[in-house]
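Worksheet: one structure, shown below.
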Amino acid sequence: MTKAEKINPRKETTAGKIGRYLAMALLFGLSVVVLIPLVWTICMALKPDGEVYNGKFFPSVLVWNNFYKAVTSIDFFLYLGNTMKIVVPNVIGQVLSCAVVAYGFARFNFKGKRVWFLILLATMMIPGQVTMIPQFLLYREIGWINTYLPLTVPAFFATSGYNVFLLRSYMSGIPKDFDEAATIDGADPVRIFTTIMLPMCKPVLTAITVFTFMGTWNDFNGPLIYLYDANKYTLSLGLSFFKGLYTSQWNLLMAATVLVMLPILVIFFLAQDYIIDGISISSGTKG
Amino acid sequence: MAKAAAKHRADSIEARQNRYGYAFIMPWLIGLFAFTLIPMAFSLMLSFCKWDIVTGLSTIEFIGTKNYTKIFADKKFYKALEVTFRFCLISIPFYQITSLLIAMLLNMRIKFMRTFRLIFFLPSIIPTIATSMIWAQILGKEGLINQGLKLLGIKGPAWLNTPKTALYGLILMGVWGIGNTMIIYLSGLQGVSEELYEAAEIDGANAFQRFFKITLPMISMTIFFNVVMAIIGSFQYFTQAFVMTEGGPLNSTLFYNLYLYVKAYKELKMGYASALAWIMFIIIMFFTMLTIKSSALWVYASSDDKI
Amino acid sequence: MKKLVLLVLCLALVCMSVLACAEKTTIRITWWGEVSANDAEMQMIEKFNAEHDDIEVIADVVPGDGYGDRLLTSFSSGDGYDIFASGEGDFYKWVGVNMPLSMNEFIAKDTEWVNEMNTALYNFGNIGGEQYYFVRDYNPLCLFYNKDVFDKYGVEYPTADWTWDDAIAAAKKMTVKDEKGNYECFGFNAQSWEYAALTYFTSKGLDIVNEDCTAVEGYLNSPEMAAALQEYVNFSIGEDRISPDAADQDTFGSASAMLINGKLAMTISGAWDKATFENSGCNYGTAVVPGNHANYLCASAFAVSKNCKNPAAAWEVIKALSGSECAALRAQYTAALPTSDALLEEMKANYGEANMGILESLNYAVQPAGLRGKIGNPAVGAFRTAFERLQFADGTVEEILEDAVAEVAEKMAE
């Protein structure tokens, strides 16, 4: 049951009903299109070796053992642990720091605010391909190569312009009446931030959690450039090893692929209530 | 006296705003100077230099604006610009409208909505390797799209293997990646209060009027966010072209960043690539500023909240 | 008391400096591949480390997808790896930016060293008289074919005396459409991958560069080349094509998949496809390339970097990695062919009848144009462009090849 349903037990017109059924049919049709690749991936993952190239969609027998093989032929759990060492700090760091910074941009009229915000946007406008090497040289200079530091520390400094911008847009939509009432009650901005803003931003913070989780989880280039020891490698690097190891064994490659994307699926399923149904404040309501 | 007091109070409010404002954005400021600006400045400097990368820092050689003059005489540069502009022009409106429409569908009160939402977010999760294999089939000679066209009596091309259609094939494929944009639209839509719609319905507004008079203005801030991010992202489009077409056939998908990548990492011309990057920076900045300036006309927000 | 402390401190200092002297030289090495316990090079390095008190080798194995990026970033600071792996396509590129170190001096000084590598392979790593690269893995190109397809259409298997005319005639017989006009099977794969395409021309006695690889004029744009190129491209164009085009290959997955499923009779490929065909249970065979059998050899090799602080130690590592012991390990764990003649001879006994074409092709393998001289890589690049333009009929073959010659001249002028 969505929030809207709870608030509004509106009477339904016939036209509305027809529209609803049409929408349902459309959603269903599109879902099928969307699901085919996923089903294909899973089917491929379950195929016996001899059927990989037979061009048939479904396997003749389900070889669940492929998942076991995929896990054991690379250091799956080592890579999983390493990935978590990067993902967890990133999610915590980005969510916290971006919320703080976005609050600054959303609620205070400090000098140079517009210029700083433009700079924030500007940092996203330079292709990463040319800053990659200078960045590497910088981290090398401070001795961070072959450690997790270049992949985690920056997250605590709101380095994602996307997150700050998204949060700022959202916070701007929260009526200032809440802040003002709290100020009259003697609350300082820090208190307003922690007791009013953060709880109200839960949906968008959850969305950022999911996006950051996904981005870090799938990041290939960062770990590739900064981590040298194979026992520090992450899952996305491990998956890529798979490609080299089993160029002909698509079934095992796809089994590993499914295993790697499973956590994101779970996270999204758990988070979607917060992201979508939790929103009650409209963004950009004041003219 | 009263004037002075008022001035004093205004000062202190201003000072307070400055103090708290800077205090809150401090983490970002530190990060900006520590991690972001130095590499950016370095690449700006490199754009005036010649550097083969692998020979090390000591071999960076200052050559003035030579990279830039060379770029403006480079036929492939114009080709890459053309491809990228064409892509942006089509894909930005196309993806925004598609993701908004799907978000609106997902915002209806329908059974199994949780499942539908999960399904429509799925494509963003499936790793590129699986997606690209599937899409090579979908866009193929006998693929899903051409099967559909066949019903209309049209004989479709092998999308990615035909110079005239490869770009459109990639644009079509990009619909796969709109999950994040869609979620943001969905959350924007969820925030529009039901009472507004009810009031409009009582006034006799039809579905189109409600959409244009209520929905669009109410989510204008969300649209603004998504459009700005789409501009920044689309001009730097890279991954799918790199994986699927490698710029071909006949350079028809030679995206700007792909060309830049080839220059830097295949031909080892880091200076040239950096100059390319800064030209792109100016282009993106221009269109972002244009959007920001125009937002005064269509984004409903108080002046404080505008950028 | 004070004196005692001082004495202890002095002793500690002496100990430390002695330890510092005995500190090992580290050699950092990288290659692309997979991390697994069965990696031949990893085993070799472990053994090397156990046998050497003075040198410690640290190896970083990088996934193939990101190897280039990793190599460039690590070298950008001016140090980077002491030893790196490279594919033959990049040999000239690295030499052009002064990245590898010539080992000539060490080879001349090292009188004890016995070169166990096949002479042709050893020379593969020699550019302009300097021994930069040491081959670790190599693949000749040969003709893979599906025996069942040949049997089905009653065509004799390829033999060593096949000319290209024979091959194309056979391919035509095995190119079959169903009643609706859809292809059931293609005879030959006239692929756009330039190594396979250039193998076709080379085995017909044509070349894109002159003999000492200094000019393209009269070679890349010769009338014979133009005619042959047009013919080759036409193999995969139109309704009478005998080869799948890129779109057909997408429809069926890949050329290998097509061959396995009996949709393709013949294709040119390297030894790396042996495992693919074996695993799929396909009834395949191999043969030397028709014509004069000349084929492009693909290889990867190790080179010592110019930045290496201790090239003498790196030379020791190179010797271990290019010796026959390491070659034997590689052959044991991967599909790689051993680099030493003796091992190769040994291998022939149980390499499998179906794979004999791979081994035979070795006798006819030639250096890719890109390796023969400075003009080689630009010539291959221009050929690739020309090929693509011709595929999409972006001009006549003569015009396109003239443009290609101009492109090479432009690249050489830079």
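Chains: A, B, ... in order of the structure tokens. Residues: from 1 per chain. Ligands: from 1, in order shown.
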
Taking only segment 23-131 of chain C into account, list the residues labelled helix (DSSP H, G or I) by DSSP (computed from the backbone), as a ChimeraX atom specification. /C:40-51,64-76,88-96,104-109,119-124

Could you name the residues that touch Ile102 of chain B at 9 Å or less, counting only C-alpha atoms, but leaving out those on the same chain fewer than 4 positions away, as an MDAnalysis selection string? (chainID A and resid 27) or (chainID B and resid 97:98 106:107 120 182 186)

Residues near segment 75-84 of chain A, cut-off 6 Å, only C-alpha atoms, skip fewer than 4 positions along chain, as JSON, numbers by chain: {"A": [71, 88, 233, 234, 235]}

9 Å contact set for Met44 of chain C, only C-alpha atoms, chain neighbours under 3 positions out, as a PyMOL selection string: chain C and resi 39-41+47-49+320-321+325-326+329

Shortest interatomic distance to Ile232 of chain B - which of B:Tyr95, B:Phe62, B:Phe287, B:Phe77, counting only C-alpha atoms: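 That would be B:Phe287, the residue with the smallest distance to Ile232 of chain B.
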
Show me, as a list in words, every residue of chain C with an atom at most 8 Å from chain A, counting only C-alpha atoms. Gly33, Glu34, Val35, Ser36, Asp60, Val61, Val62, Pro63, Gly64, Asp65, Gly66, Asp69, Arg70, Thr73, Ser74, Ser76, Ser77, Phe252, Ala257, Ile260, Asn261, Ala275, Thr276, Asn279, Ser280 and Gly281 of chain C

Counting only C-alpha atoms, what is within 9 Å of segment 38-41 of chain A, bar same-chain residues fewer than 5 positions away, as a PyMOL selection string? (chain A and resi 46+57-58+251+254-255+257-258) or (chain B and resi 122-123+126+130-131+134)

Take the residues just selected and output them with N, CA and C atoms as an mmCIF file, in the first residue's frame.
```
data_model
loop_
_atom_site.group_PDB
_atom_site.id
_atom_site.type_symbol
_atom_site.label_atom_id
_atom_site.label_comp_id
_atom_site.auth_asym_id
_atom_site.auth_seq_id
_atom_site.Cartn_x
_atom_site.Cartn_y
_atom_site.Cartn_z
ATOM 1 N N LEU A 46 23.191 -21.241 -15.780
ATOM 2 C CA LEU A 46 22.807 -22.589 -15.364
ATOM 3 C C LEU A 46 23.049 -23.646 -16.444
ATOM 4 N N PHE A 57 17.764 -20.736 -25.726
ATOM 5 C CA PHE A 57 17.589 -19.827 -24.601
ATOM 6 C C PHE A 57 17.684 -20.565 -23.271
ATOM 7 N N PHE A 58 16.971 -21.681 -23.167
ATOM 8 C CA PHE A 58 16.925 -22.388 -21.894
ATOM 9 C C PHE A 58 17.906 -23.555 -21.862
ATOM 10 N N ASN A 251 29.002 -19.740 -19.262
ATOM 11 C CA ASN A 251 28.116 -20.143 -18.177
ATOM 12 C C ASN A 251 28.704 -19.774 -16.815
ATOM 13 N N MET A 254 28.757 -15.950 -16.360
ATOM 14 C CA MET A 254 27.439 -15.420 -16.023
ATOM 15 C C MET A 254 27.025 -15.809 -14.607
ATOM 16 N N ALA A 255 27.439 -16.989 -14.164
ATOM 17 C CA ALA A 255 27.146 -17.388 -12.786
ATOM 18 C C ALA A 255 27.804 -16.400 -11.823
ATOM 19 N N THR A 257 28.634 -13.363 -12.551
ATOM 20 C CA THR A 257 27.953 -12.079 -12.738
ATOM 21 C C THR A 257 26.693 -11.992 -11.878
ATOM 22 N N VAL A 258 25.922 -13.075 -11.892
ATOM 23 C CA VAL A 258 24.686 -13.096 -11.101
ATOM 24 C C VAL A 258 25.023 -12.948 -9.619
ATOM 25 N N LEU B 122 15.958 -2.864 -12.382
ATOM 26 C CA LEU B 122 16.896 -3.961 -12.678
ATOM 27 C C LEU B 122 17.945 -3.650 -13.742
ATOM 28 N N PRO B 123 17.558 -3.088 -14.892
ATOM 29 C CA PRO B 123 18.559 -2.878 -15.942
ATOM 30 C C PRO B 123 19.782 -2.107 -15.464
ATOM 31 N N ILE B 126 22.224 -4.817 -13.877
ATOM 32 C CA ILE B 126 22.867 -5.862 -14.672
ATOM 33 C C ILE B 126 24.202 -5.365 -15.214
ATOM 34 N N ALA B 130 26.881 -8.377 -19.518
ATOM 35 C CA ALA B 130 25.668 -9.098 -19.890
ATOM 36 C C ALA B 130 24.777 -8.222 -20.766
ATOM 37 N N THR B 131 24.641 -6.954 -20.384
ATOM 38 C CA THR B 131 23.790 -6.053 -21.165
ATOM 39 C C THR B 131 24.274 -5.920 -22.595
ATOM 40 N N ILE B 134 23.422 -8.929 -24.749
ATOM 41 C CA ILE B 134 21.995 -8.976 -25.051
ATOM 42 C C ILE B 134 21.616 -7.919 -26.076
#
```
